[in-house]
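Below: the structure, in structure tokens.
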Amino acid sequence: MRRGRALRTIVIWCVRVFFVVILAFPFYWMLITTFKRSTDLYNLKNNPFLFNEPPTLEHLRLLFQETLFLRWIGNTAFAGAVVVLITLVLAVPAAYALARLTGKWGEQLGIGIFLTYLVPPTLLFIPLSKVVATLGLQDSLWSIILVYPSFTIPFSTWLLMGFFKSIPRDLEDAALVDGLTRWGAFVKLVIPMSTSGILTVVIFAFTLVTQEFVYALTFISTAAHQTVGVGVATFLVRGDVFYWGSLMAGCVITSVPIGILYNIFLDRFIEGFTVGAVK
């Protein structure tokens, strides 16, 4: 028995260590590349996993002093916050209404809404660019703020539908008997019980804004208005010259906060994606 428990413990720890190494390696690689000297980085005889020469802050200086990196982060945060707000305002009531529709109409309509999310951006950016030009939003953050909800709202609506379906209607009926209106039951009962699903939508929508490339590159050309995903890739890749140290610095600075956010709310995030799946 003891040997069996010991063997099981060893296997569990081996699996844990394996996944920790696999998941942490990209961050380690970005971090060590950020502080490596260029002569150390491009010397094929040097060990790529260690500092063969003293570390340097030159790549960070290039990133912060010769690019608009902080401005790009601010643009991304602002656009992400507005897109998340628009997504919640429209997707939450839409998902609740579709989840409470009788018969198969609600489910079929929800699937139809979700299918719009599957349309590739490479097919949509041309007609959407016409809409942006008509509204006079070219080369501004408001162009992507207008466009991004077109694919965050469908997915978020479909995701929240499954979450709202898992909430028994009896609870709402009891709230109505106690004197609440339908809107009051929705605000005071359903939404507090749906925090996991709503949090999942927030993380999904904000992450999508930070990593989206096609629309941001198409609709915004001025450096001061760009998001971090486009700005870093545009100004740190010049022809066939890649500023790897600064590129990795930008990646690690923007990815670590999102990684921490995912880990803090991991349980709620998984619950938001899986609740109602069996039902």
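Chains: A, B, ... in order of the structure tokens. Residues: from 1 per chain. Ligands: from 1, in order shown.
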Do you have, as a Markdown table, the list of residues of segment 141-225 of chain A lying at most 10 Å from segment 72-94 of chain A, each with its nearest atom pair and that distance in Å to one decimal, counting only C-alpha atoms and ordered by chain then number?
```
| residue | atom | partner | partner_atom | distance |
| --- | --- | --- | --- | --- |
| A:Leu141 | CA | A:Ala79 | CA | 6.8 |
| A:Trp142 | CA | A:Ala79 | CA | 7.9 |
| A:Ser143 | CA | A:Ala79 | CA | 9.9 |
| A:Ile144 | CA | A:Ala79 | CA | 7.6 |
| A:Ile145 | CA | A:Val83 | CA | 5.9 |
| A:Leu146 | CA | A:Val83 | CA | 8.1 |
| A:Val147 | CA | A:Val83 | CA | 9.2 |
| A:Tyr148 | CA | A:Val83 | CA | 6.8 |
| A:Pro149 | CA | A:Thr87 | CA | 6.1 |
| A:Ser150 | CA | A:Thr87 | CA | 9.1 |
| A:Phe151 | CA | A:Thr87 | CA | 9.4 |
| A:Thr152 | CA | A:Thr87 | CA | 6.5 |
| A:Ile153 | CA | A:Thr87 | CA | 5.3 |
| A:Pro154 | CA | A:Ala91 | CA | 7.5 |
| A:Phe155 | CA | A:Ala91 | CA | 8.8 |
| A:Ser156 | CA | A:Ala91 | CA | 6.1 |
| A:Thr157 | CA | A:Ala91 | CA | 4.8 |
| A:Trp158 | CA | A:Ala91 | CA | 8.6 |
| A:Leu159 | CA | A:Ala91 | CA | 9.4 |
| A:Leu160 | CA | A:Val92 | CA | 6.9 |
| A:Met161 | CA | A:Ala94 | CA | 8.5 |
| A:Phe164 | CA | A:Val92 | CA | 9.5 |
| A:Trp183 | CA | A:Pro93 | CA | 10.0 |
| A:Phe186 | CA | A:Pro93 | CA | 8.9 |
| A:Ile191 | CA | A:Val92 | CA | 8.7 |
| A:Ser194 | CA | A:Val92 | CA | 9.8 |
| A:Gly197 | CA | A:Val92 | CA | 9.7 |
| A:Ile198 | CA | A:Leu88 | CA | 7.7 |
| A:Leu199 | CA | A:Leu88 | CA | 9.9 |
| A:Val201 | CA | A:Leu88 | CA | 7.7 |
| A:Val202 | CA | A:Val84 | CA | 5.9 |
| A:Ile203 | CA | A:Val84 | CA | 8.6 |
| A:Phe204 | CA | A:Val84 | CA | 8.9 |
| A:Ala205 | CA | A:Val84 | CA | 5.8 |
| A:Phe206 | CA | A:Gly80 | CA | 5.0 |
| A:Thr207 | CA | A:Gly80 | CA | 8.0 |
| A:Leu208 | CA | A:Gly80 | CA | 8.4 |
| A:Val209 | CA | A:Gly80 | CA | 5.6 |
| A:Thr210 | CA | A:Thr76 | CA | 6.3 |
| A:Gln211 | CA | A:Thr76 | CA | 9.6 |
| A:Ala223 | CA | A:Trp72 | CA | 8.4 |
| A:Ala224 | CA | A:Trp72 | CA | 7.2 |
| A:His225 | CA | A:Asn75 | CA | 6.8 |
```
The residue from A:Phe35, A:Tyr262, A:Tyr96, A:Phe219 with the smallest atom-to-atom distance to Val187 of chain A, counting only C-alpha atoms, is A:Tyr96
Running DSSP on the backbone, which parts of segment 22-269 of chain A land in alpha helix (DSSP H), as a PyMOL selection string? chain A and resi 22-34+38-41+58-65+69-99+105-117+121-134+141-147+149-165+169-177+182-185+191-193+195-211+214-219+228-235+244-264+266-269
Nearest residue to Leu137 of chain A out of A:Ile10, A:Ile220, A:Leu115, A:Thr33, using only C-alpha atoms?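 Of A:Ile10, A:Ile220, A:Leu115, A:Thr33, the one nearest Leu137 of chain A, counting only C-alpha atoms, is A:Ile220.
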Contacts of Leu50 of chain A at 12 Å (only C-alpha atoms; same-chain gap of 4+ positions) as a VMD selection string: chain A and resid 28 to 29 31 to 33 35 to 37 40 to 41 46 54 to 55
List the spatial neighbours of His59 of chain A as JSON, numbers by chain - criterion: any atom at most 10 Å away, only C-alpha atoms, same-chain residues fewer than 4 positions off excluded. {"A": [33, 34, 35, 36, 37, 38, 63, 64, 65, 243, 244, 245, 246, 247, 248, 249, 250]}
Between atom CA of Leu23 of chain A and atom CA of Ser255 of chain A - distance in Å to one decimal: 12.9 Å
